[in-house]
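Visitor: Contents of coords.pdb (PDB, C-alpha atoms) are given next:
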ATOM      1  CA  MET A  29      16.156  10.964  12.379
ATOM      2  CA  LYS A  30      14.685  11.299   8.871
ATOM      3  CA  ILE A  31      11.531   9.301   8.235
ATOM      4  CA  ASN A  32      13.254   7.155   5.586
ATOM      5  CA  GLU A  33      15.564   5.732   8.270
ATOM      6  CA  LEU A  34      12.590   4.845  10.469
ATOM      7  CA  LEU A  35      10.656   3.149   7.661
ATOM      8  CA  ASN A  36      13.568   1.654   5.715
ATOM      9  CA  ILE A  37      12.858   3.581   2.515
ATOM     10  CA  GLU A  38      15.372   5.382   0.326
ATOM     11  CA  PHE A  39      13.994   8.933   0.375
ATOM     12  CA  PRO A  40      12.183  10.778   3.222
ATOM     13  CA  ILE A  41       9.113  11.163   1.026
ATOM     14  CA  PHE A  42       5.530   9.935   1.402
ATOM     15  CA  GLN A  43       3.142   9.829  -1.533
ATOM     16  CA  GLY A  44      -0.174  11.494  -0.721
ATOM     17  CA  GLY A  45      -3.381   9.448  -0.460
ATOM     18  CA  MET A  46      -4.688  10.632  -3.863
ATOM     19  CA  ALA A  47      -8.125   8.981  -3.675
ATOM     20  CA  ASN A  48      -9.399   7.516  -6.957
ATOM     21  CA  ILE A  49      -5.877   7.827  -8.382
ATOM     22  CA  ALA A  50      -3.423   5.914  -6.184
ATOM     23  CA  SER A  51      -4.000   2.314  -7.203
ATOM     24  CA  GLY A  52      -1.927  -0.616  -6.061
ATOM     25  CA  GLY A  53       0.093  -0.340  -9.250
ATOM     26  CA  PHE A  54       0.858   3.340  -8.723
ATOM     27  CA  ALA A  55       1.777   2.829  -5.069
ATOM     28  CA  ALA A  56       4.163   0.061  -6.120
ATOM     29  CA  ALA A  57       5.740   2.326  -8.729
ATOM     30  CA  VAL A  58       6.295   5.043  -6.111
ATOM     31  CA  SER A  59       7.857   2.557  -3.683
ATOM     32  CA  ASN A  60      10.057   1.097  -6.407
ATOM     33  CA  ALA A  61      11.225   4.643  -7.182
ATOM     34  CA  GLY A  62      12.447   5.080  -3.604
ATOM     35  CA  ALA A  63       9.640   6.843  -1.740
ATOM     36  CA  LEU A  64       6.741   5.402   0.284
ATOM     37  CA  GLY A  65       3.908   4.472  -2.052
ATOM     38  CA  ILE A  66       0.411   4.784  -0.618
ATOM     39  CA  ILE A  67      -2.745   3.083  -1.904
ATOM     40  CA  GLY A  68      -5.557   5.660  -1.767
ATOM     41  CA  ALA A  69      -8.600   3.788  -0.462
ATOM     42  CA  GLY A  70     -10.845   6.857  -0.409
ATOM     43  CA  GLY A  71     -12.968   5.877  -3.394
ATOM     44  CA  MET A  72     -12.734   2.104  -2.928
ATOM     45  CA  THR A  73     -14.811  -0.614  -1.357
ATOM     46  CA  ALA A  74     -13.157  -2.812   1.255
ATOM     47  CA  GLU A  75     -12.740  -5.750  -1.099
ATOM     48  CA  ASN A  76     -11.391  -3.489  -3.837
ATOM     49  CA  LEU A  77      -8.792  -2.293  -1.323
ATOM     50  CA  ARG A  78      -7.762  -5.882  -0.579
ATOM     51  CA  GLU A  79      -7.403  -6.517  -4.310
ATOM     52  CA  GLN A  80      -5.231  -3.414  -4.780
ATOM     53  CA  ILE A  81      -3.039  -4.367  -1.813
ATOM     54  CA  ARG A  82      -2.376  -7.755  -3.358
ATOM     55  CA  ILE A  83      -1.604  -6.166  -6.713
ATOM     56  CA  CYS A  84       0.888  -3.883  -4.987
ATOM     57  CA  LYS A  85       2.550  -6.807  -3.201
ATOM     58  CA  LYS A  86       3.093  -8.546  -6.535
ATOM     59  CA  MET A  87       4.705  -5.442  -8.022
ATOM     60  CA  THR A  88       7.085  -4.416  -5.224
ATOM     61  CA  ASP A  89       9.036  -5.945  -2.362
ATOM     62  CA  ARG A  90       9.536  -2.521  -0.778
ATOM     63  CA  PRO A  91       7.475  -0.943   2.023
ATOM     64  CA  PHE A  92       4.170   0.678   1.041
ATOM     65  CA  GLY A  93       1.142   1.963   2.885
ATOM     66  CA  VAL A  94      -2.600   2.498   2.685
ATOM     67  CA  ASN A  95      -4.524   5.736   3.156
ATOM     68  CA  ILE A  96      -7.987   5.299   4.703
ATOM     69  CA  MET A  97     -10.490   8.138   4.481
ATOM     70  CA  LEU A  98     -12.374   7.657   7.735
ATOM     71  CA  MET A  99     -15.624   8.977   6.240
ATOM     72  CA  ASN A 100     -15.694   5.977   3.903
ATOM     73  CA  PRO A 101     -18.705   3.837   4.904
ATOM     74  CA  GLU A 102     -16.480   0.745   4.838
ATOM     75  CA  ALA A 103     -13.695   2.233   6.976
ATOM     76  CA  ASP A 104     -14.203  -0.384   9.710
ATOM     77  CA  LYS A 105     -13.744  -3.209   7.215
ATOM     78  CA  MET A 106     -10.711  -1.485   5.710
ATOM     79  CA  ALA A 107      -9.175  -1.129   9.160
ATOM     80  CA  LYS A 108      -9.299  -4.908   9.555
ATOM     81  CA  ILE A 109      -8.039  -5.589   6.047
ATOM     82  CA  VAL A 110      -4.822  -3.601   6.538
ATOM     83  CA  THR A 111      -4.170  -5.715   9.632
ATOM     84  CA  GLU A 112      -4.944  -8.973   7.857
ATOM     85  CA  GLU A 113      -2.731  -8.010   4.913
ATOM     86  CA  CYS A 114       0.199  -6.986   7.178
ATOM     87  CA  ILE A 115       0.480  -3.448   5.830
ATOM     88  CA  SER A 116       3.491  -1.585   7.248
ATOM     89  CA  VAL A 117       2.108   1.983   7.263
ATOM     90  CA  VAL A 118      -1.402   3.430   7.416
ATOM     91  CA  THR A 119      -2.187   7.095   6.862
ATOM     92  CA  THR A 120      -5.659   8.449   7.580
ATOM     93  CA  GLY A 121      -7.744  11.477   6.698
ATOM     94  CA  ALA A 122     -11.150  13.039   7.334
ATOM     95  CA  GLY A 123     -11.503  12.083  10.971
ATOM     96  CA  ASN A 124      -9.954  10.614  14.103
ATOM     97  CA  PRO A 125      -8.573   7.054  13.777
ATOM     98  CA  GLY A 126      -8.415   6.589  17.550
ATOM     99  CA  LYS A 127     -10.576   3.463  17.725
ATOM    100  CA  TYR A 128      -8.223   1.617  15.342
ATOM    101  CA  VAL A 129      -4.836   2.705  16.663
ATOM    102  CA  GLU A 130      -4.321   0.054  19.366
ATOM    103  CA  GLU A 131      -5.148  -2.859  17.054
ATOM    104  CA  TRP A 132      -2.955  -1.459  14.288
ATOM    105  CA  LYS A 133      -0.015  -0.913  16.621
ATOM    106  CA  THR A 134      -0.387  -4.414  18.061
ATOM    107  CA  SER A 135      -0.136  -5.710  14.494
ATOM    108  CA  GLY A 136       3.064  -3.744  13.908
ATOM    109  CA  ILE A 137       1.482  -1.088  11.696
ATOM    110  CA  LYS A 138       2.894   2.434  11.893
ATOM    111  CA  VAL A 139       0.059   4.985  11.956
ATOM    112  CA  PHE A 140       0.404   8.481  10.479
ATOM    113  CA  PRO A 141      -2.864  10.467  10.530
ATOM    114  CA  VAL A 142      -3.174  13.643   8.462
ATOM    115  CA  VAL A 143      -3.822  16.659  10.700
ATOM    116  CA  SER A 144      -4.727  20.254   9.923
ATOM    117  CA  SER A 145      -4.552  21.659  13.461
ATOM    118  CA  VAL A 146      -2.383  21.527  16.553
ATOM    119  CA  ALA A 147      -5.309  20.338  18.676
ATOM    120  CA  LEU A 148      -5.885  17.229  16.563
ATOM    121  CA  ALA A 149      -2.158  16.505  16.399
ATOM    122  CA  LYS A 150      -1.882  16.621  20.204
ATOM    123  CA  ARG A 151      -4.949  14.428  20.667
ATOM    124  CA  LEU A 152      -3.608  11.776  18.300
ATOM    125  CA  ALA A 153      -0.081  11.896  19.706
ATOM    126  CA  SER A 154      -1.536  11.233  23.150
ATOM    127  CA  ILE A 155      -3.091   7.937  22.003
ATOM    128  CA  GLY A 156       0.140   6.615  20.566
ATOM    129  CA  VAL A 157       0.212   7.224  16.812
ATOM    130  CA  SER A 158       3.603   6.738  15.173
ATOM    131  CA  GLY A 159       3.663  10.254  13.741
ATOM    132  CA  VAL A 160       1.454  12.863  12.099
ATOM    133  CA  ILE A 161       1.247  14.393   8.634
ATOM    134  CA  ALA A 162       0.774  18.143   9.077
ATOM    135  CA  GLU A 163      -0.938  19.233   5.876
ATOM    136  CA  GLY A 164      -1.332  22.885   4.965
ATOM    137  CA  CYS A 165      -4.120  24.366   2.871
ATOM    138  CA  GLU A 166      -1.823  24.774  -0.153
ATOM    139  CA  SER A 167      -2.412  21.102  -0.907
ATOM    140  CA  GLY A 168      -4.821  19.697  -3.462
ATOM    141  CA  GLY A 169      -8.099  17.988  -2.607
ATOM    142  CA  HIS A 170      -9.710  18.336   0.821
ATOM    143  CA  ILE A 171      -7.962  20.957   2.920
ATOM    144  CA  GLY A 172      -7.934  22.727   6.283
ATOM    145  CA  GLU A 173      -7.358  26.425   6.948
ATOM    146  CA  LEU A 174      -3.741  26.799   8.106
ATOM    147  CA  THR A 175      -0.830  27.101   5.693
ATOM    148  CA  THR A 176       2.049  24.645   5.804
ATOM    149  CA  MET A 177       4.465  27.364   6.941
ATOM    150  CA  ALA A 178       2.253  28.161   9.942
ATOM    151  CA  LEU A 179       1.034  24.654  10.751
ATOM    152  CA  VAL A 180       4.203  22.535  10.661
ATOM    153  CA  PRO A 181       6.320  24.380  13.255
ATOM    154  CA  GLN A 182       3.379  24.662  15.649
ATOM    155  CA  VAL A 183       2.674  20.942  15.381
ATOM    156  CA  CYS A 184       6.380  20.164  15.838
ATOM    157  CA  ASP A 185       6.460  22.325  18.966
ATOM    158  CA  ASN A 186       3.492  20.533  20.511
ATOM    159  CA  VAL A 187       4.007  16.819  19.851
ATOM    160  CA  ASP A 188       6.863  14.411  20.526
ATOM    161  CA  VAL A 189       6.249  12.145  17.541
ATOM    162  CA  PRO A 190       7.690  12.441  14.006
ATOM    163  CA  VAL A 191       6.029  15.100  11.852
ATOM    164  CA  ILE A 192       5.708  14.832   8.076
ATOM    165  CA  ALA A 193       5.140  18.140   6.270
ATOM    166  CA  ALA A 194       2.602  18.247   3.439
ATOM    167  CA  GLY A 195       1.110  20.930   1.231
ATOM    168  CA  GLY A 196       2.991  23.077  -1.263
ATOM    169  CA  ILE A 197       5.996  20.767  -1.628
ATOM    170  CA  ALA A 198       7.374  19.812  -5.029
ATOM    171  CA  GLY A 199      11.104  20.505  -4.885
ATOM    172  CA  GLY A 200      14.230  20.476  -2.775
ATOM    173  CA  ARG A 201      13.864  24.058  -1.579
ATOM    174  CA  GLN A 202      10.505  23.247  -0.047
ATOM    175  CA  MET A 203      11.896  20.017   1.394
ATOM    176  CA  ALA A 204      14.692  22.045   3.036
ATOM    177  CA  ALA A 205      12.106  24.463   4.429
ATOM    178  CA  ALA A 206      10.082  21.574   5.849
ATOM    179  CA  PHE A 207      13.111  20.144   7.653
ATOM    180  CA  THR A 208      14.029  23.593   8.955
ATOM    181  CA  LEU A 209      10.506  23.908  10.380
ATOM    182  CA  GLY A 210      11.052  20.678  12.314
ATOM    183  CA  ALA A 211       9.620  17.987  10.040
ATOM    184  CA  CYS A 212      11.487  14.726   9.455
ATOM    185  CA  GLY A 213       9.918  13.995   6.070
ATOM    186  CA  VAL A 214       7.592  15.364   3.424
ATOM    187  CA  GLN A 215       4.456  14.195   1.674
ATOM    188  CA  VAL A 216       3.871  15.096  -1.969
ATOM    189  CA  GLY A 217       0.978  14.614  -4.356
ATOM    190  CA  THR A 218       0.508  17.328  -6.962
ATOM    191  CA  CYS A 219       3.975  16.889  -8.491
ATOM    192  CA  LEU A 220       3.282  13.150  -8.818
ATOM    193  CA  LEU A 221       0.189  13.791 -10.924
ATOM    194  CA  ALA A 222       2.627  14.829 -13.634
ATOM    195  CA  SER A 223       4.619  11.601 -13.460
ATOM    196  CA  CYS A 224       4.857   9.156 -16.319
ATOM    197  CA  GLU A 225       3.522   6.381 -14.082
ATOM    198  CA  CYS A 226       0.490   8.225 -12.680
ATOM    199  CA  PRO A 227      -2.700   6.521 -13.960
ATOM    200  CA  ILE A 228      -4.648   9.708 -14.710
ATOM    201  CA  HIS A 229      -5.698  10.886 -18.157
ATOM    202  CA  GLN A 230      -3.052  12.697 -20.211
ATOM    203  CA  ASN A 231      -5.289  15.790 -20.345
ATOM    204  CA  TYR A 232      -5.195  16.002 -16.545
ATOM    205  CA  LYS A 233      -1.385  15.759 -16.536
ATOM    206  CA  GLU A 234      -1.078  18.454 -19.177
ATOM    207  CA  ALA A 235      -3.425  20.741 -17.228
ATOM    208  CA  ILE A 236      -1.070  20.466 -14.238
ATOM    209  CA  VAL A 237       1.961  21.285 -16.394
ATOM    210  CA  LYS A 238       0.212  24.296 -17.955
ATOM    211  CA  ALA A 239      -0.988  25.667 -14.605
ATOM    212  CA  GLY A 240       0.293  29.006 -13.374
ATOM    213  CA  ASP A 241       0.855  30.274  -9.858
ATOM    214  CA  ASN A 242      -2.778  31.351  -9.434
ATOM    215  CA  ALA A 243      -4.351  28.376 -11.199
ATOM    216  CA  THR A 244      -6.185  26.812  -8.245
ATOM    217  CA  ILE A 245      -9.362  27.692  -6.383
ATOM    218  CA  VAL A 246     -11.092  26.367  -3.277
ATOM    219  CA  THR A 247     -14.670  25.191  -3.651
ATOM    220  CA  GLY A 248     -17.065  23.877  -1.012
ATOM    221  CA  ARG A 249     -16.342  26.257   1.869
ATOM    222  CA  SER A 250     -20.037  27.013   2.320
ATOM    223  CA  ALA A 251     -20.776  23.295   2.634
ATOM    224  CA  GLY A 252     -17.998  22.767   5.175
ATOM    225  CA  ALA A 253     -15.990  20.645   2.753
ATOM    226  CA  PRO A 254     -13.319  22.841   1.137
ATOM    227  CA  VAL A 255     -11.535  21.278  -1.834
ATOM    228  CA  ARG A 256      -8.670  22.787  -3.833
ATOM    229  CA  CYS A 257      -8.569  22.118  -7.560
ATOM    230  CA  LEU A 258      -7.606  23.775 -10.825
ATOM    231  CA  LYS A 259      -9.907  26.536 -12.045
ATOM    232  CA  ASN A 260     -12.154  25.515 -14.931
ATOM    233  CA  PRO A 261     -15.771  26.014 -16.075
ATOM    234  CA  MET A 262     -16.981  23.493 -13.470
ATOM    235  CA  THR A 263     -15.401  25.360 -10.555
ATOM    236  CA  ARG A 264     -16.707  28.704 -11.802
ATOM    237  CA  GLU A 265     -20.255  27.345 -11.971
ATOM    238  CA  TYR A 266     -19.855  25.709  -8.552
ATOM    239  CA  LEU A 267     -18.785  29.013  -6.992
ATOM    240  CA  LYS A 268     -21.758  30.772  -8.582
ATOM    241  CA  MET A 269     -24.038  28.165  -7.014
ATOM    242  CA  GLU A 270     -22.352  28.656  -3.628
ATOM    243  CA  GLN A 271     -22.750  32.427  -3.851
ATOM    244  CA  SER A 272     -26.425  32.096  -4.777
ATOM    245  CA  GLY A 273     -27.081  30.035  -1.634
ATOM    246  CA  ALA A 274     -27.267  26.494  -3.030
ATOM    247  CA  ASP A 275     -27.503  23.910  -0.254
ATOM    248  CA  LYS A 276     -25.077  21.057   0.352
ATOM    249  CA  MET A 277     -27.270  18.513  -1.446
ATOM    250  CA  GLU A 278     -27.435  20.630  -4.614
ATOM    251  CA  LEU A 279     -23.676  21.136  -4.584
ATOM    252  CA  GLU A 280     -22.966  17.435  -4.086
ATOM    253  CA  LYS A 281     -25.304  16.556  -6.933
ATOM    254  CA  PHE A 282     -23.569  19.054  -9.220
ATOM    255  CA  THR A 283     -20.120  17.568  -8.575
ATOM    256  CA  LEU A 284     -21.170  13.912  -8.578
ATOM    257  CA  GLY A 285     -18.665  11.965 -10.663
ATOM    258  CA  SER A 286     -16.543  15.029 -11.417
ATOM    259  CA  LEU A 287     -13.275  13.505 -10.217
ATOM    260  CA  ARG A 288     -13.918  10.434 -12.343
ATOM    261  CA  LYS A 289     -14.470  12.712 -15.348
ATOM    262  CA  ALA A 290     -11.047  14.242 -14.798
ATOM    263  CA  VAL A 291      -9.116  11.085 -13.922
ATOM    264  CA  LEU A 292     -10.559   8.627 -16.428
ATOM    265  CA  GLU A 293     -12.121  10.724 -19.179
ATOM    266  CA  GLY A 294      -9.724  13.659 -19.236
ATOM    267  CA  ASP A 295     -12.596  16.151 -19.134
ATOM    268  CA  VAL A 296     -10.737  19.301 -18.100
ATOM    269  CA  LYS A 297     -13.837  21.487 -18.385
ATOM    270  CA  ASN A 298     -16.361  19.561 -16.294
ATOM    271  CA  GLY A 299     -14.044  17.400 -14.218
ATOM    272  CA  SER A 300     -12.628  18.094 -10.760
ATOM    273  CA  LEU A 301      -8.890  18.519 -11.360
ATOM    274  CA  MET A 302      -7.737  18.284  -7.757
ATOM    275  CA  ALA A 303      -4.314  19.899  -7.411
ATOM    276  CA  GLY A 304      -2.338  22.031  -5.006
ATOM    277  CA  GLN A 305      -0.979  25.544  -5.399
ATOM    278  CA  VAL A 306       2.434  24.101  -6.178
ATOM    279  CA  SER A 307       1.094  22.983  -9.575
ATOM    280  CA  GLY A 308       2.504  26.260 -10.891
ATOM    281  CA  MET A 309       5.998  24.834 -10.310
ATOM    282  CA  VAL A 310       5.390  21.576 -12.172
ATOM    283  CA  LYS A 311       6.718  22.181 -15.680
ATOM    284  CA  GLU A 312       7.053  18.751 -17.267
ATOM    285  CA  ILE A 313       5.920  15.138 -17.082
ATOM    286  CA  ARG A 314       8.783  13.063 -15.635
ATOM    287  CA  PRO A 315       9.414   9.549 -14.329
ATOM    288  CA  LEU A 316       8.850   9.151 -10.590
ATOM    289  CA  ARG A 317      12.481   8.276  -9.938
ATOM    290  CA  GLN A 318      13.615  11.498 -11.605
ATOM    291  CA  ILE A 319      11.158  13.572  -9.559
ATOM    292  CA  PHE A 320      12.458  12.136  -6.293
ATOM    293  CA  GLU A 321      16.147  12.230  -7.225
ATOM    294  CA  GLU A 322      16.006  15.841  -8.375
ATOM    295  CA  MET A 323      14.077  16.882  -5.267
ATOM    296  CA  VAL A 324      16.632  15.300  -2.944
ATOM    297  CA  LYS A 325      19.592  16.572  -4.978
ATOM    298  CA  GLU A 326      18.269  20.138  -4.811
ATOM    299  CA  TYR A 327      17.745  19.769  -1.057
ATOM    300  CA  GLU A 328      21.268  18.424  -0.510
ATOM    301  CA  ASN A 329      22.778  21.280  -2.518
ATOM    302  CA  ILE A 330      21.235  23.958  -0.283
ATOM    303  CA  ARG A 331      21.015  22.399   3.184
TER     304      ARG A 331
END
Show me this structure written as structure tokens.
Guide:
Amino acid sequence: MKINELLNIEFPIFQGGMANIASGGFAAAVSNAGALGIIGAGGMTAENLREQIRICKKMTDRPFGVNIMLMNPEADKMAKIVTEECISVVTTGAGNPGKYVEEWKTSGIKVFPVVSSVALAKRLASIGVSGVIAEGCESGGHIGELTTMALVPQVCDNVDVPVIAAGGIAGGRQMAAAFTLGACGVQVGTCLLASCECPIHQNYKEAIVKAGDNATIVTGRSAGAPVRCLKNPMTREYLKMEQSGADKMELEKFTLGSLRKAVLEGDVKNGSLMAGQVSGMVKEIRPLRQIFEEMVKEYENIR
């Protein structure tokens, strides 16, 4: 069964969490376009999340979800808010959502944690999550070590819950590959940055469109927090600092506010332009509906 049949959505596509980007308005636009919109709570306070959920409800009558970054200091409050607001799907990242799963399930919420290893997928499947999002290191933002091609089939072989493939997916050929590997849906993010509806600065969108196949770099490995983004003067300086032995505090101070610079100010030199390797395949800014329709059409033509 494809994930769209389970969740009553048109296409078997999740929108990635996209912290500091995926507002209630954007999530609603994604859901209205046929996929599962996700509010990215990563950079929000708990009350800001509640506000964005209510905005989303006003803008769509279709299913949508919330992504909770478990390292957020207000994660406990957010966990209660999604229950109070009757959210249908919760995705999680940066940790183990185990302590919330029973309450969420009792409230009818379907839980899909992001996993980057077989071990974590098995642990979460054993406590009753609805499915897992197996995300390879091709993806933008915070990443693990395994590639999507290696991770997805191993997760599928070791759990008996639905698996969503993420990382390096922007077209129908990659969707077909994901289903062949055993997934029942895909999660996309980078290709949605170049959508007409995405609330990032135009400079950020154009940087995605101009990106080539080798346009991304991973920063933060030395600090134990690898992040994939487009290469620019900021990333080059960051890597120099890493190589010279800068500690985690220095690195965090250097990047403070860098995502905001990219998203809101369009600073493509000093901002953190989080994006996946698949950015090299994104060639134009398109409406969300067109992105999803063309992806599914390409998949159907080759399956």
Visitor: Kindly give the distance, in Å, that separates atom CA of A:Thr247 and atom CA of A:Glu312, rounded to a single decimal.
Guide: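 Separation of atom CA of A:Thr247 and atom CA of A:Glu312: 26.4 Å.
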Visitor: Find the residue from A:Gly285, A:Gly294, A:Gly199, A:Pro190 that sits nearest to A:Ile31; use all atoms listed in the file when measuring.
Guide: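 Nearest candidate to A:Ile31 out of A:Gly285, A:Gly294, A:Gly199, A:Pro190: A:Pro190.
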Visitor: Which residue, A:Val142, A:Ala205, A:Val58, A:Pro40, has the smallest gap to A:Asp89 when you use all atoms listed in the file?
Guide: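 Answer, going by the shortest atom-to-atom distance: A:Val58.
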Visitor: Please report the interatomic distance between atom CA of A:Val129 and atom CA of A:Asn48 in Å with one decimal.
Guide: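 Atom-to-atom, atom CA of A:Val129 and atom CA of A:Asn48 are spaced 24.5 Å apart.
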Visitor: As a check of understanding, name the residues that the PyMOL selection byres ((chain A and resi 198) around 12) selects in the supplied structure, as a ChimeraX atom specification.
Guide: /A:41-43,166-167,193-197,199-206,214-222,303-311,319-324,326-327
Visitor: Keeping just N, CA, C and O atoms, export stretch 316-331 of chain A of this structure as a CSV table (one decimal), in the first residue's frame.
Guide:
chain,number,residue,atom,x,y,z
A,316,LEU,N,4.0,24.3,-6.8
A,316,LEU,CA,4.1,23.0,-6.1
A,316,LEU,C,3.3,22.0,-6.8
A,316,LEU,O,3.8,20.8,-7.0
A,317,ARG,N,2.1,22.3,-7.3
A,317,ARG,CA,1.3,21.3,-8.0
A,317,ARG,C,2.0,20.7,-9.2
A,317,ARG,O,2.0,19.5,-9.4
A,318,GLN,N,2.7,21.6,-9.9
A,318,GLN,CA,3.4,21.2,-11.1
A,318,GLN,C,4.6,20.2,-10.7
A,318,GLN,O,4.8,19.2,-11.4
A,319,ILE,N,5.3,20.6,-9.6
A,319,ILE,CA,6.4,19.7,-9.1
A,319,ILE,C,5.9,18.3,-8.9
A,319,ILE,O,6.4,17.3,-9.3
A,320,PHE,N,4.8,18.2,-8.1
A,320,PHE,CA,4.2,16.9,-7.7
A,320,PHE,C,3.7,16.2,-8.9
A,320,PHE,O,3.9,15.0,-9.1
A,321,GLU,N,2.9,16.8,-9.8
A,321,GLU,CA,2.3,16.2,-10.9
A,321,GLU,C,3.4,15.6,-11.9
A,321,GLU,O,3.3,14.5,-12.4
A,322,GLU,N,4.4,16.4,-12.1
A,322,GLU,CA,5.5,16.0,-13.0
A,322,GLU,C,6.3,14.8,-12.4
A,322,GLU,O,6.7,13.9,-13.1
A,323,MET,N,6.5,14.9,-11.1
A,323,MET,CA,7.2,13.8,-10.5
A,323,MET,C,6.4,12.5,-10.6
A,323,MET,O,7.0,11.4,-11.0
A,324,VAL,N,5.2,12.5,-10.3
A,324,VAL,CA,4.3,11.3,-10.4
A,324,VAL,C,4.2,10.8,-11.8
A,324,VAL,O,4.2,9.6,-12.1
A,325,LYS,N,4.0,11.7,-12.7
A,325,LYS,CA,3.9,11.4,-14.2
A,325,LYS,C,5.1,10.7,-14.6
A,325,LYS,O,5.0,9.6,-15.3
A,326,GLU,N,6.3,11.2,-14.3
A,326,GLU,CA,7.5,10.6,-14.7
A,326,GLU,C,7.7,9.1,-14.1
A,326,GLU,O,8.1,8.2,-14.7
A,327,TYR,N,7.3,9.0,-12.8
A,327,TYR,CA,7.3,7.7,-12.2
A,327,TYR,C,6.4,6.7,-12.9
A,327,TYR,O,6.8,5.6,-13.2
A,328,GLU,N,5.1,7.2,-13.2
A,328,GLU,CA,4.2,6.3,-13.8
A,328,GLU,C,4.6,5.8,-15.2
A,328,GLU,O,4.3,4.8,-15.7
A,329,ASN,N,5.4,6.7,-15.9
A,329,ASN,CA,5.8,6.4,-17.2
A,329,ASN,C,7.0,5.3,-17.3
A,329,ASN,O,7.2,4.7,-18.3
A,330,ILE,N,7.6,5.1,-16.1
A,330,ILE,CA,8.8,4.2,-16.1
A,330,ILE,C,8.6,3.0,-15.2
A,330,ILE,O,9.4,2.1,-15.2
A,331,ARG,N,7.5,3.0,-14.4
A,331,ARG,CA,7.4,1.9,-13.5
A,331,ARG,C,7.1,0.6,-14.2
A,331,ARG,O,6.6,0.5,-15.3
